[in-house]
Amino acid sequence: MAALGGDGLRLLSVSRPERQPESAALGGPGPGLCCWVSVFSCLSLACSYVGSLYVWKSELPRDHPAVIKRRFTSVLVVSSLSPLCVLLWRELTGIQPGTSLLTLMGFRLEGIFPAALLPLLLTMILFLGPLMQLSMDCPCDLANGLKVVLAPRSWARCLTDMRWLRNQVIAPLTEELVFRACMLPMLAPCTGLGPAVFTCPLFFGVAHFHHIIEQLRFRQSSVGSIFLSAAFQFSYTAVFGAYTAFLFIRTGHLIGPVLCHSFCNYMGFPAVCAALEHPQRRPLLAGYALGVGLFLLLLQPLTDPKLYGSLPLCVLLERTGDSKAPLCS
């Protein structure tokens, strides 16, 4: 394989009985240019997504319902058009994935039920400690809590709450569509699946730096605190992005990453400091440790590709002769 700046960058070629030089097999640009097309396409998507949030001029803060509604409109337009970027990338590189565009982006029926349930279960296991902390601090018992959660009136109230819709529905759906379903198919042929898991989240993490603008604009804190907070947010969004990229590759579905994203938005970052000062500190910390341990133990079994059928990104890489990609088995 030809390389660009190291051994990790490879170009996808069309499968043929006899291997030919990649640029000839593609019938298009050389390997270096193809990788640059992939990176530039991902960068364009990230900039378009973030830029769509600022096409509306407003002096109101980001949590104001009017601002949220306007941003819903622009971000949904960009997200709806994002598959066109993948189509353009395919035409410019000459890569033929071997599956339909929607299948490649994780929209398929095969294995959809385990793809919806198992990644969410795995994520809830990881958050065992925070879930225990939430139940300990909740004033109502389990039965009353379930009644509240399942009550139609509660759901109706949520569906009219702009912040809830943003955090639990629109943001998870559009961010996973753009930053996972569209970017991973473009990055994987160039970098391989493993590096793509860690490259894709960089675009996702950088995309969250736009919060600095609003915090500085409304002087929500000191400059040092704002940049420190942004660096921390970049770190954990990059780690989370790597996790959902892993789920997307291993399940071949978009629904799992979307549901896990929504759940994590609801839970927020684990309040470890509060747990250390909690009256029931010992069982709570044991729950934190148990959750992390079980998560690491079950990560591979619950994301076994055999549970989800044929994986589109693995089919894509098989056309390069890379049939032994570790994440595909």
# chains A, B, ... in the order shown; residues from 1 in each chain; ligands from 1
$ residues_around --residues "Phe179 of chain A" --least-positions-apart "2" --cutoff "10 Å" --atoms "only C-alpha atoms" --output "JSON, numbers by chain"
{"A": [42, 45, 46, 49, 79, 82, 174, 175, 176, 177, 181, 182, 183, 184, 200, 201, 202, 203, 204, 207, 241, 244, 245]}
$ residues_around --residues "segment 297-313 of chain A" --least-positions-apart "2" --cutoff "6 Å" --atoms "only C-alpha atoms" --output "PyMOL selection string"
chain A and resi 104+111+250-252+294-295+315-316
$ select_by_dssp --residues "segment 299-329 of chain A" --states "helix (DSSP H, G or I)" --output "VMD selection string"
chain A and resid 299 to 302 305 to 307 312 to 318 326 to 328
$ write_last_selection --atoms "all heavy atoms" --output "short mmCIF file (atom, residue, chain, number, x, y, z; two decimals), in the first residue's frame"
data_model
loop_
_atom_site.label_atom_id
_atom_site.label_comp_id
_atom_site.auth_asym_id
_atom_site.auth_seq_id
_atom_site.Cartn_x
_atom_site.Cartn_y
_atom_site.Cartn_z
N LEU A 299 -17.35 -5.46 27.05
CA LEU A 299 -17.21 -4.62 25.87
C LEU A 299 -17.10 -5.44 24.59
O LEU A 299 -17.82 -5.17 23.61
CB LEU A 299 -15.98 -3.71 26.02
CG LEU A 299 -15.69 -2.76 24.85
CD1 LEU A 299 -16.85 -1.80 24.64
CD2 LEU A 299 -14.38 -2.00 25.09
N GLN A 300 -16.23 -6.42 24.56
CA GLN A 300 -16.06 -7.24 23.36
C GLN A 300 -17.25 -8.18 23.12
O GLN A 300 -17.77 -8.22 22.00
CB GLN A 300 -14.75 -8.04 23.46
CG GLN A 300 -13.49 -7.20 23.43
CD GLN A 300 -13.25 -6.54 22.08
OE1 GLN A 300 -13.69 -7.02 21.05
NE2 GLN A 300 -12.54 -5.42 22.10
N PRO A 301 -17.72 -8.93 24.14
CA PRO A 301 -18.84 -9.85 23.88
C PRO A 301 -20.12 -9.16 23.41
O PRO A 301 -20.80 -9.66 22.52
CB PRO A 301 -19.06 -10.52 25.25
CG PRO A 301 -17.77 -10.40 25.96
CD PRO A 301 -17.18 -9.11 25.51
N LEU A 302 -20.47 -8.01 24.00
CA LEU A 302 -21.72 -7.34 23.63
C LEU A 302 -21.62 -6.58 22.32
O LEU A 302 -22.64 -6.13 21.80
CB LEU A 302 -22.17 -6.40 24.75
CG LEU A 302 -22.64 -7.07 26.05
CD1 LEU A 302 -23.17 -6.03 27.03
CD2 LEU A 302 -23.71 -8.12 25.78
N PRO A 305 -19.38 -8.68 16.35
CA PRO A 305 -20.05 -8.46 15.05
C PRO A 305 -20.99 -9.59 14.63
O PRO A 305 -21.91 -9.36 13.84
CB PRO A 305 -18.86 -8.36 14.08
CG PRO A 305 -17.73 -7.85 14.92
CD PRO A 305 -17.92 -8.50 16.26
N LYS A 306 -20.78 -10.79 15.18
CA LYS A 306 -21.66 -11.91 14.83
C LYS A 306 -23.10 -11.65 15.26
O LYS A 306 -24.04 -12.24 14.70
CB LYS A 306 -21.16 -13.19 15.49
CG LYS A 306 -19.80 -13.65 14.97
CD LYS A 306 -19.32 -14.88 15.72
CE LYS A 306 -17.93 -15.30 15.26
NZ LYS A 306 -17.42 -16.47 16.02
N LEU A 307 -23.30 -10.78 16.23
CA LEU A 307 -24.65 -10.47 16.71
C LEU A 307 -25.40 -9.54 15.77
O LEU A 307 -26.62 -9.41 15.87
CB LEU A 307 -24.57 -9.82 18.09
CG LEU A 307 -23.96 -10.64 19.22
CD1 LEU A 307 -23.74 -9.76 20.45
CD2 LEU A 307 -24.87 -11.82 19.56
N PRO A 312 -21.03 -3.16 7.23
CA PRO A 312 -20.75 -2.42 5.99
C PRO A 312 -19.32 -1.89 5.89
O PRO A 312 -18.72 -1.98 4.82
CB PRO A 312 -21.75 -1.25 6.05
CG PRO A 312 -22.87 -1.75 6.91
CD PRO A 312 -22.22 -2.64 7.92
N LEU A 313 -18.77 -1.36 6.98
CA LEU A 313 -17.41 -0.83 6.90
C LEU A 313 -16.39 -1.95 6.71
O LEU A 313 -15.34 -1.74 6.09
CB LEU A 313 -17.07 -0.02 8.15
CG LEU A 313 -17.73 1.36 8.24
CD1 LEU A 313 -17.27 2.09 9.50
CD2 LEU A 313 -17.42 2.21 7.02
N CYS A 314 -16.68 -3.13 7.23
CA CYS A 314 -15.78 -4.26 7.02
C CYS A 314 -15.85 -4.74 5.58
O CYS A 314 -14.83 -5.13 4.99
CB CYS A 314 -16.14 -5.39 7.99
SG CYS A 314 -15.86 -4.95 9.73
N VAL A 315 -17.04 -4.72 5.00
CA VAL A 315 -17.18 -5.03 3.57
C VAL A 315 -16.38 -4.03 2.74
O VAL A 315 -15.72 -4.39 1.76
CB VAL A 315 -18.67 -5.01 3.16
CG1 VAL A 315 -18.82 -5.16 1.65
CG2 VAL A 315 -19.44 -6.13 3.88
N LEU A 316 -16.46 -2.79 3.14
CA LEU A 316 -15.72 -1.72 2.46
C LEU A 316 -14.22 -2.02 2.46
O LEU A 316 -13.55 -1.92 1.43
CB LEU A 316 -16.00 -0.39 3.15
CG LEU A 316 -15.31 0.87 2.61
CD1 LEU A 316 -15.86 1.24 1.26
CD2 LEU A 316 -15.49 2.02 3.58
N LEU A 317 -13.68 -2.41 3.60
CA LEU A 317 -12.24 -2.65 3.70
C LEU A 317 -11.83 -3.97 3.06
O LEU A 317 -10.68 -4.12 2.65
CB LEU A 317 -11.81 -2.62 5.16
CG LEU A 317 -11.83 -1.25 5.83
CD1 LEU A 317 -11.11 -1.30 7.16
CD2 LEU A 317 -11.20 -0.18 4.96
N GLU A 318 -12.75 -4.93 2.98
CA GLU A 318 -12.43 -6.19 2.33
C GLU A 318 -12.08 -5.98 0.85
O GLU A 318 -11.33 -6.75 0.27
CB GLU A 318 -13.60 -7.17 2.45
CG GLU A 318 -13.69 -7.83 3.81
CD GLU A 318 -14.88 -8.74 3.93
OE1 GLU A 318 -15.63 -8.88 2.92
OE2 GLU A 318 -15.09 -9.31 5.02
N PRO A 326 -8.92 -6.00 12.74
CA PRO A 326 -9.23 -6.52 14.09
C PRO A 326 -10.64 -6.22 14.56
O PRO A 326 -11.26 -7.04 15.22
CB PRO A 326 -8.19 -5.84 14.98
CG PRO A 326 -7.07 -5.46 14.06
CD PRO A 326 -7.72 -5.16 12.75
N LEU A 327 -11.16 -5.04 14.24
CA LEU A 327 -12.47 -4.66 14.73
C LEU A 327 -13.60 -5.40 14.03
O LEU A 327 -14.75 -5.29 14.43
CB LEU A 327 -12.68 -3.14 14.58
CG LEU A 327 -11.80 -2.24 15.44
CD1 LEU A 327 -12.09 -0.79 15.17
CD2 LEU A 327 -12.01 -2.55 16.92
N CYS A 328 -13.28 -6.13 12.98
CA CYS A 328 -14.31 -6.84 12.20
C CYS A 328 -14.56 -8.24 12.72
O CYS A 328 -15.39 -8.97 12.15
CB CYS A 328 -13.91 -6.89 10.73
SG CYS A 328 -13.90 -5.27 9.92
#
$ atom_distance --atom1 "atom CA of Leu33 of chain A" --atom2 "atom CA of Leu84 of chain A"
19.8 Å
$ closest_atom_pairs --of "segment 247-317 of chain A" --to "segment 150-168 of chain A" --cutoff "8 Å" --atoms "only C-alpha atoms" --output "tab-separated table"
residue	atom	partner	partner_atom	distance
A:His261	CA	A:Gln168	CA	8.0
A:Ser262	CA	A:Gln168	CA	4.7
A:Phe263	CA	A:Gln168	CA	7.4
A:Asn265	CA	A:Asn167	CA	6.2
A:Tyr266	CA	A:Gln168	CA	6.9
$ atom_distance --atom1 "atom CA of Val292 of chain A" --atom2 "atom CA of Ser235 of chain A"
18.6 Å
$ residues_around --residues "segment 272-286 of chain A" --least-positions-apart "4" --cutoff "9 Å" --atoms "only C-alpha atoms" --output "VMD selection string"
chain A and resid 129 to 130 132 to 133 136 290 to 291
$ closest_residue --among "A:Ile170, A:Cys47, A:Leu146, A:Ile112" --to "Thr73 of chain A" --atoms "only C-alpha atoms"
A:Ile170
$ atom_distance --atom1 "atom CA of Pro185 of chain A" --atom2 "atom CA of Leu296 of chain A"
26.3 Å
$ closest_residue --among "A:Val148, A:Ile249, A:Ile255, A:Cys140" --to "Ala188 of chain A" --atoms "only C-alpha atoms"
A:Ile249
